[in-house]
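Coordinates as given in query05.txt (compact mmCIF, C-alpha atoms):
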```txt
# COMPACT_ATOMS: atom_id res chain seq x y z
CA MET A 1 -31.81 -30.71 -8.03
CA LYS A 2 -32.62 -27.55 -9.94
CA LEU A 3 -33.18 -25.66 -6.69
CA THR A 4 -29.82 -26.83 -5.36
CA LEU A 5 -28.07 -25.73 -8.54
CA ILE A 6 -29.70 -22.29 -8.49
CA THR A 7 -28.84 -21.89 -4.80
CA SER A 8 -25.21 -22.79 -5.47
CA VAL A 9 -24.99 -20.30 -8.31
CA LEU A 10 -26.53 -17.57 -6.16
CA LEU A 11 -24.18 -18.29 -3.27
CA GLY A 12 -21.24 -18.18 -5.66
CA THR A 13 -22.40 -14.83 -7.02
CA VAL A 14 -22.78 -13.41 -3.50
CA ALA A 15 -19.31 -14.66 -2.53
CA LEU A 16 -17.77 -13.12 -5.64
CA ALA A 17 -19.51 -9.80 -4.98
CA ALA A 18 -18.29 -9.86 -1.38
CA ALA A 19 -14.75 -10.57 -2.54
CA ASP A 20 -14.94 -7.65 -4.97
CA ASP A 21 -15.78 -5.34 -2.04
CA MET A 22 -12.53 -6.20 -0.24
CA GLU A 23 -8.94 -5.00 -0.57
CA HIS A 24 -6.00 -7.24 0.25
CA PHE A 25 -2.40 -7.20 1.44
CA ARG A 26 -0.56 -10.53 1.18
CA TRP A 27 2.87 -11.28 2.63
CA ARG A 28 5.10 -14.34 2.57
CA GLY A 29 8.63 -15.10 3.71
CA ARG A 30 10.93 -17.54 5.50
CA VAL A 31 11.25 -16.88 9.23
CA ASP A 32 13.54 -18.16 11.99
CA GLY A 33 12.81 -16.21 15.16
CA VAL A 34 10.47 -13.26 15.69
CA ASP A 35 9.79 -10.37 13.30
CA ASP A 36 7.30 -7.50 13.31
CA ILE A 37 5.92 -6.39 9.93
CA PHE A 38 4.72 -2.76 9.72
CA ILE A 39 2.30 -1.87 6.90
CA GLN A 40 1.55 1.79 6.23
CA GLY A 41 0.06 3.02 2.96
CA ASN A 42 1.92 0.97 0.35
CA GLN A 43 5.11 0.77 2.41
CA VAL A 44 6.28 -2.33 4.30
CA ARG A 45 8.96 -2.26 7.00
CA ILE A 46 10.43 -5.17 8.95
CA GLU A 47 11.57 -4.80 12.56
CA HIS A 48 13.69 -7.81 13.49
CA VAL A 49 13.17 -8.94 17.09
CA SER A 50 15.22 -12.13 17.53
CA ALA A 51 17.25 -14.92 15.82
CA LYS A 52 17.86 -14.78 12.05
CA PRO A 53 16.44 -12.04 9.76
CA ILE A 54 13.61 -12.89 7.35
CA GLN A 55 14.61 -14.52 4.06
CA ASN A 56 12.89 -14.51 0.64
CA GLN A 57 10.12 -12.10 1.62
CA GLU A 58 7.64 -10.75 -0.90
CA HIS A 59 4.35 -8.90 -0.67
CA ARG A 60 1.49 -7.59 -2.80
CA PHE A 61 -1.24 -4.94 -2.35
CA THR A 62 -4.49 -4.69 -4.27
CA ALA A 63 -4.59 -1.10 -2.93
CA PRO A 64 -2.58 0.85 -0.36
CA LEU A 65 -3.70 0.55 3.24
CA PRO A 66 -5.73 3.77 3.63
CA PHE A 67 -4.92 6.51 6.12
CA ALA A 68 -8.15 5.75 7.95
CA GLU A 69 -9.32 3.66 10.88
CA VAL A 70 -10.26 0.57 8.87
CA GLU A 71 -10.92 -2.78 10.53
CA LEU A 72 -8.46 -5.42 9.33
CA ASP A 73 -9.04 -9.17 9.22
CA LEU A 74 -6.03 -11.50 9.37
CA GLU A 75 -6.04 -14.82 7.51
CA ILE A 76 -3.16 -17.21 8.21
CA ILE A 77 -2.37 -19.08 5.01
CA GLU A 78 0.81 -20.92 6.05
CA GLY A 79 3.05 -21.15 9.09
CA ARG A 80 4.00 -23.64 11.78
CA GLY A 81 4.34 -20.98 14.50
CA THR A 82 2.10 -18.02 15.28
CA ILE A 83 1.02 -14.97 13.27
CA ARG A 84 -0.76 -12.23 15.20
CA LEU A 85 -2.23 -8.84 14.30
CA MET A 86 -0.63 -6.69 17.00
CA GLU A 87 -2.02 -3.28 16.00
CA GLN A 88 -4.93 -2.07 13.91
CA PRO A 89 -4.51 1.23 11.94
CA SER A 90 -5.44 4.28 14.02
CA GLN A 91 -4.58 7.94 14.39
CA ARG A 92 -2.40 7.00 17.36
CA ASN A 93 -0.01 4.90 15.22
CA GLN A 94 -0.36 7.00 12.02
CA PHE A 95 -2.62 4.36 10.46
CA THR A 96 -0.11 1.51 10.60
CA ALA A 97 -0.90 -2.20 10.84
CA VAL A 98 1.59 -4.35 12.76
CA VAL A 99 1.76 -8.13 12.30
CA ARG A 100 4.09 -10.32 14.38
CA VAL A 101 5.43 -13.59 12.93
CA ASP A 102 6.81 -15.83 15.68
CA ASP A 103 8.85 -18.95 14.85
CA GLN A 104 11.19 -18.88 17.87
CA ASP A 105 10.00 -22.15 19.47
CA LYS A 106 10.67 -24.16 16.31
CA SER A 107 13.88 -25.75 15.02
CA GLY A 108 15.37 -24.08 11.91
CA ASP A 109 13.33 -21.74 9.74
CA GLY A 110 9.87 -22.11 8.23
CA ASP A 111 7.67 -20.63 5.51
CA TYR A 112 4.98 -18.17 6.54
CA GLU A 113 2.21 -16.49 4.58
CA PHE A 114 -0.72 -14.32 5.64
CA GLU A 115 -3.28 -11.92 4.20
CA LEU A 116 -4.86 -8.78 5.61
CA THR A 117 -8.23 -7.71 4.19
CA TRP A 118 -10.37 -4.63 4.69
CA SER A 119 -13.66 -3.40 3.28
CA ARG A 120 -13.57 -1.06 0.33
CA GLU A 121 -16.58 0.71 1.88
CA GLU A 122 -14.48 1.72 4.89
CA THR A 123 -11.97 3.52 2.71
CA LYS A 124 -14.61 6.02 1.60
CA ASP A 125 -14.04 7.97 4.81
CA ARG A 126 -10.29 8.26 4.23
CA ASP A 127 -10.62 11.87 2.97
CA ALA A 128 -11.43 12.83 6.55
CA TYR A 129 -7.96 11.60 7.55
CA SER A 130 -5.85 12.37 4.47
CA SER A 131 -4.29 15.29 2.65
CA VAL A 132 -3.86 14.80 -1.10
CA PHE A 133 -1.68 15.86 -4.00
CA ARG A 134 -3.35 14.86 -7.28
CA TRP A 135 -1.59 14.87 -10.64
CA ARG A 136 -2.84 14.26 -14.18
CA GLY A 137 -0.80 14.22 -17.36
CA ARG A 138 0.38 12.41 -20.47
CA VAL A 139 3.65 10.47 -20.22
CA ASP A 140 5.98 8.90 -22.78
CA ILE A 141 8.73 6.54 -21.52
CA ALA A 142 9.04 7.83 -17.93
CA CYS A 143 9.10 10.79 -15.58
CA ASP A 144 9.71 11.60 -11.92
CA ILE A 145 7.34 13.93 -10.07
CA GLU A 146 8.93 15.50 -7.00
CA VAL A 147 6.59 16.85 -4.33
CA ARG A 148 7.84 19.15 -1.57
CA GLY A 149 5.72 21.44 0.58
CA SER A 150 3.15 23.02 -1.71
CA HIS A 151 5.30 22.74 -4.84
CA HIS A 152 6.06 20.00 -7.34
CA GLN A 153 8.46 19.49 -10.24
CA VAL A 154 8.27 17.13 -13.22
CA LYS A 155 11.52 15.61 -14.51
CA ASP A 156 11.37 13.76 -17.84
CA GLN A 157 13.28 10.53 -18.31
CA GLY A 158 13.23 10.42 -22.13
CA GLY A 159 10.84 9.90 -25.01
CA ALA A 160 8.56 12.66 -26.25
CA GLY A 161 8.38 14.22 -22.79
CA THR A 162 5.60 14.75 -20.28
CA HIS A 163 2.55 16.97 -20.74
CA GLU A 164 1.05 17.98 -17.42
CA LYS A 165 -2.70 18.54 -17.49
CA SER A 166 -3.41 19.45 -13.87
CA ALA A 167 -1.93 19.31 -10.38
CA SER A 168 -3.48 20.28 -7.05
CA PHE A 169 -2.89 20.11 -3.28
CA THR A 170 -5.44 19.96 -0.49
CA ALA A 171 -2.59 20.89 1.92
CA PRO A 172 1.21 21.22 1.75
CA LEU A 173 3.31 18.12 2.30
CA PRO A 174 4.74 18.57 5.83
CA ALA A 175 8.47 19.09 6.36
CA SER A 176 8.73 15.93 8.47
CA ASP A 177 9.10 12.15 8.14
CA THR A 178 5.51 11.92 6.94
CA PRO A 179 4.19 8.53 5.75
CA VAL A 180 2.92 8.84 2.19
CA SER A 181 1.06 6.52 -0.14
CA VAL A 182 0.35 6.65 -3.87
CA ASP A 183 -2.86 5.49 -5.59
CA LYS A 184 -2.79 5.00 -9.37
CA LEU A 185 -6.14 6.06 -10.80
CA ASP A 186 -5.34 5.78 -14.51
CA GLY A 187 -2.51 4.68 -16.81
CA ARG A 188 -1.31 1.50 -18.53
CA GLY A 189 2.19 1.52 -17.01
CA SER A 190 3.47 1.71 -13.44
CA VAL A 191 3.13 4.51 -10.89
CA GLU A 192 5.40 3.94 -7.90
CA LEU A 193 6.60 5.84 -4.86
CA VAL A 194 10.41 5.75 -5.13
CA GLN A 195 11.28 8.20 -2.33
CA THR A 196 9.51 9.08 0.90
CA PRO A 197 10.02 12.39 2.76
CA SER A 198 13.11 12.44 4.99
CA PRO A 199 15.76 14.93 6.15
CA ALA A 200 18.16 13.43 3.56
CA ASN A 201 16.01 14.57 0.61
CA GLY A 202 14.60 17.79 2.09
CA PHE A 203 11.30 16.08 2.94
CA THR A 204 10.47 15.35 -0.68
CA ALA A 205 8.23 12.59 -2.02
CA VAL A 206 9.12 11.27 -5.48
CA VAL A 207 6.63 9.41 -7.68
CA ARG A 208 7.95 7.64 -10.79
CA ILE A 209 5.74 6.93 -13.79
CA GLU A 210 7.03 4.39 -16.32
CA ASP A 211 5.28 3.87 -19.66
CA PRO A 212 7.33 1.24 -21.57
CA LYS A 213 4.84 0.76 -24.40
CA GLY A 214 4.95 2.65 -27.70
CA GLY A 215 3.61 6.20 -27.71
CA ALA A 216 2.28 8.14 -24.73
CA ASP A 217 -0.60 7.46 -22.35
CA ASP A 218 -2.71 9.42 -19.85
CA TYR A 219 -1.88 9.04 -16.15
CA ASP A 220 -3.69 10.08 -13.00
CA PHE A 221 -2.58 9.49 -9.41
CA GLU A 222 -3.09 10.69 -5.86
CA LEU A 223 -0.32 11.06 -3.29
CA ARG A 224 -1.78 10.87 0.23
CA TRP A 225 -0.51 11.50 3.75
CA PRO A 226 -2.19 11.84 7.19
CA ARG A 227 -3.93 15.13 7.79
CA GLU A 228 -2.35 17.18 10.55
```
Using structure tokens, write down the structure from this file.
Amino acid sequence: MKLTLITSVLLGTVALAAADDMEHFRWRGRVDGVDDIFIQGNQVRIEHVSAKPIQNQEHRFTAPLPFAEVELDLEIIEGRGTIRLMEQPSQRNQFTAVVRVDDQDKSGDGDYEFELTWSREETKDRDAYSSVFRWRGRVDIACDIEVRGSHHQVKDQGGAGTHEKSASFTAPLPASDTPVSVDKLDGRGSVELVQTPSPANGFTAVVRIEDPKGGADDYDFELRWPRE
């Protein structure tokens, strides 16, 4: 009995450690027809294929999908039809995962949910595939950080202002529709990508930091895009 208990505890510890070594992307929505879901960095795009568009969709990342050739595992959590991983991230598709949800042979619409997981160890090689803009500073209330080419600009949104501590590029942000992803490394509030580079904004990426709590706090983030 004691041996069994110890074994169970050890297995539980191993499982927890394994889970801690994984990153996750989870998606759910209501589907009637066929839809392709494109995941790139921390951006999600739906390409509707047939029948009605997706309803009530939501998603969550534990970390952005890295710009690296990671191996994804698909777990189907809910769905009466089929969910298939159509494409793994690669240089060929600019490190995009594509999942197809297919409900077309069923009557009406149905709830679907799936999760993609990848090893945190695999993301260590992402620097070989990514260019980076890294920013550190102290923020009160909010600010927008606009990144274009090899330049950036900080725009305060109130409070006591923003104190930039450091900013650096490994390469200029290309003047193209480049996929970008933001990783928050430090800070109690939110760090979100609110604009991606496009012709409409002069190929500018905009990162918004919001610090709703009293006083200021230190923030640190990396903006990443595929290396040319």
Distance table requested - region 37-102 of chain A against region 181-198 of chain A, cut-off 10 Å, only C-alpha atoms: one row per qualifying residue with the closest atom pair and its distance in Å to one decimal, ordered by chain and rising residue number, as a tab-separated table.
```
residue	atom	partner	partner_atom	distance
A:Gln40	CA	A:Ser181	CA	7.9
A:Gly41	CA	A:Ser181	CA	4.8
A:Asn42	CA	A:Ser181	CA	5.6
A:Gln43	CA	A:Ser181	CA	7.5
A:Ala63	CA	A:Asp183	CA	7.3
A:Pro64	CA	A:Ser181	CA	6.7
A:Leu65	CA	A:Ser181	CA	8.4
A:Pro66	CA	A:Ser181	CA	8.2
A:Phe67	CA	A:Ser181	CA	8.7
```
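Here CA of Ala205 (chain A) and CA of Met22 (chain A) stand 28.1 Å from one another.
For the residues A:Asp177, A:Asp140, A:Glu210, A:Asp105, ranking by smallest atom-to-atom distance to Trp225 (chain A) using all atoms listed in the file places A:Asp177 first.
Here CA of Cys143 (chain A) and CA of Arg45 (chain A) stand 26.1 Å from one another.
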CA of His59 (chain A) to CA of Leu74 (chain A): how many Å, to one decimal?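 Here the two named atoms are 14.7 Å from each other.
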Tell me, as a list in words, which residues lie within 8 Å of His48 (chain A), counting all atoms listed in the file; anything in the same chain fewer than 2 positions away does not count. Val34, Asp35, Asp36, Ile46, Ser50, Pro53 and Ile54 of chain A
Residues within 8 Å of (10.4, -21.0, 10.0), file coords, only C-alpha atoms, listed as a PDB file with C-alpha atoms, in the coordinates of the input:
```
ATOM      1  CA  ARG A  30      10.930 -17.540   5.500  1.00  0.00           C
ATOM      2  CA  VAL A  31      11.250 -16.880   9.230  1.00  0.00           C
ATOM      3  CA  ASP A  32      13.540 -18.160  11.990  1.00  0.00           C
ATOM      4  CA  GLY A  33      12.810 -16.210  15.160  1.00  0.00           C
ATOM      5  CA  GLY A  79       3.050 -21.150   9.090  1.00  0.00           C
ATOM      6  CA  ARG A  80       4.000 -23.640  11.780  1.00  0.00           C
ATOM      7  CA  GLY A  81       4.340 -20.980  14.500  1.00  0.00           C
ATOM      8  CA  ASP A 103       8.850 -18.950  14.850  1.00  0.00           C
ATOM      9  CA  LYS A 106      10.670 -24.160  16.310  1.00  0.00           C
ATOM     10  CA  SER A 107      13.880 -25.750  15.020  1.00  0.00           C
ATOM     11  CA  GLY A 108      15.370 -24.080  11.910  1.00  0.00           C
ATOM     12  CA  ASP A 109      13.330 -21.740   9.740  1.00  0.00           C
ATOM     13  CA  GLY A 110       9.870 -22.110   8.230  1.00  0.00           C
ATOM     14  CA  ASP A 111       7.670 -20.630   5.510  1.00  0.00           C
ATOM     15  CA  TYR A 112       4.980 -18.170   6.540  1.00  0.00           C
TER      16      TYR A 112
END
```
Find the residue from A:Thr96, A:Ser130, A:Gln88, A:Gln157 that sits nearest to Arg224 (chain A); use all atoms listed in the file when measuring. A:Ser130
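With all atoms listed in the file as the atoms that count, the residue of A:Glu113, A:Asp211, A:Glu222, A:Glu228 with the shortest distance to Gln57 (chain A) is A:Glu113.
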Using all atoms listed in the file and a cutoff of 10 Å, can you tell me which residues are near (-4.4, 1.2, 14.1) in the file's coordinates, and write them out as a VMD selection string? chain A and resid 40 67 to 72 86 to 98
Quick one: of A:Pro212, A:Pro172, A:Gly137, A:Pro179, who's nearest to Ile39 (chain A), counting only C-alpha atoms? A:Pro179
Nearest to Glu146 (chain A) by atom-to-atom distance, counting only C-alpha atoms, from A:His163, A:Thr170, A:Arg120, A:Arg208: A:Arg208
Using all atoms listed in the file, determine which residues lie at most 7 Å from region 23-26 of chain A, disregarding the query and same-chain residues fewer than 6 positions distant; provide the list as number ranges by chain. A: 59-63, 114-120
Excluding Gly159 (chain A) and any residue of its chain fewer than 5 positions from it, enumerate the residues within 9 Å of it, using all atoms listed in the file, and give them as a list of chain:residue names.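 What passes the distance filter is A:Val139, A:Asp140, A:Ile141, A:Ala142, A:Gly215, A:Ala216.
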Which residue gives the smallest distance to Pro226 (chain A) among A:Ser168, A:Ser176, A:Ser131, A:Gln55, with only C-alpha atoms counted?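 Smallest distance to Pro226 (chain A) is found for A:Ser131.
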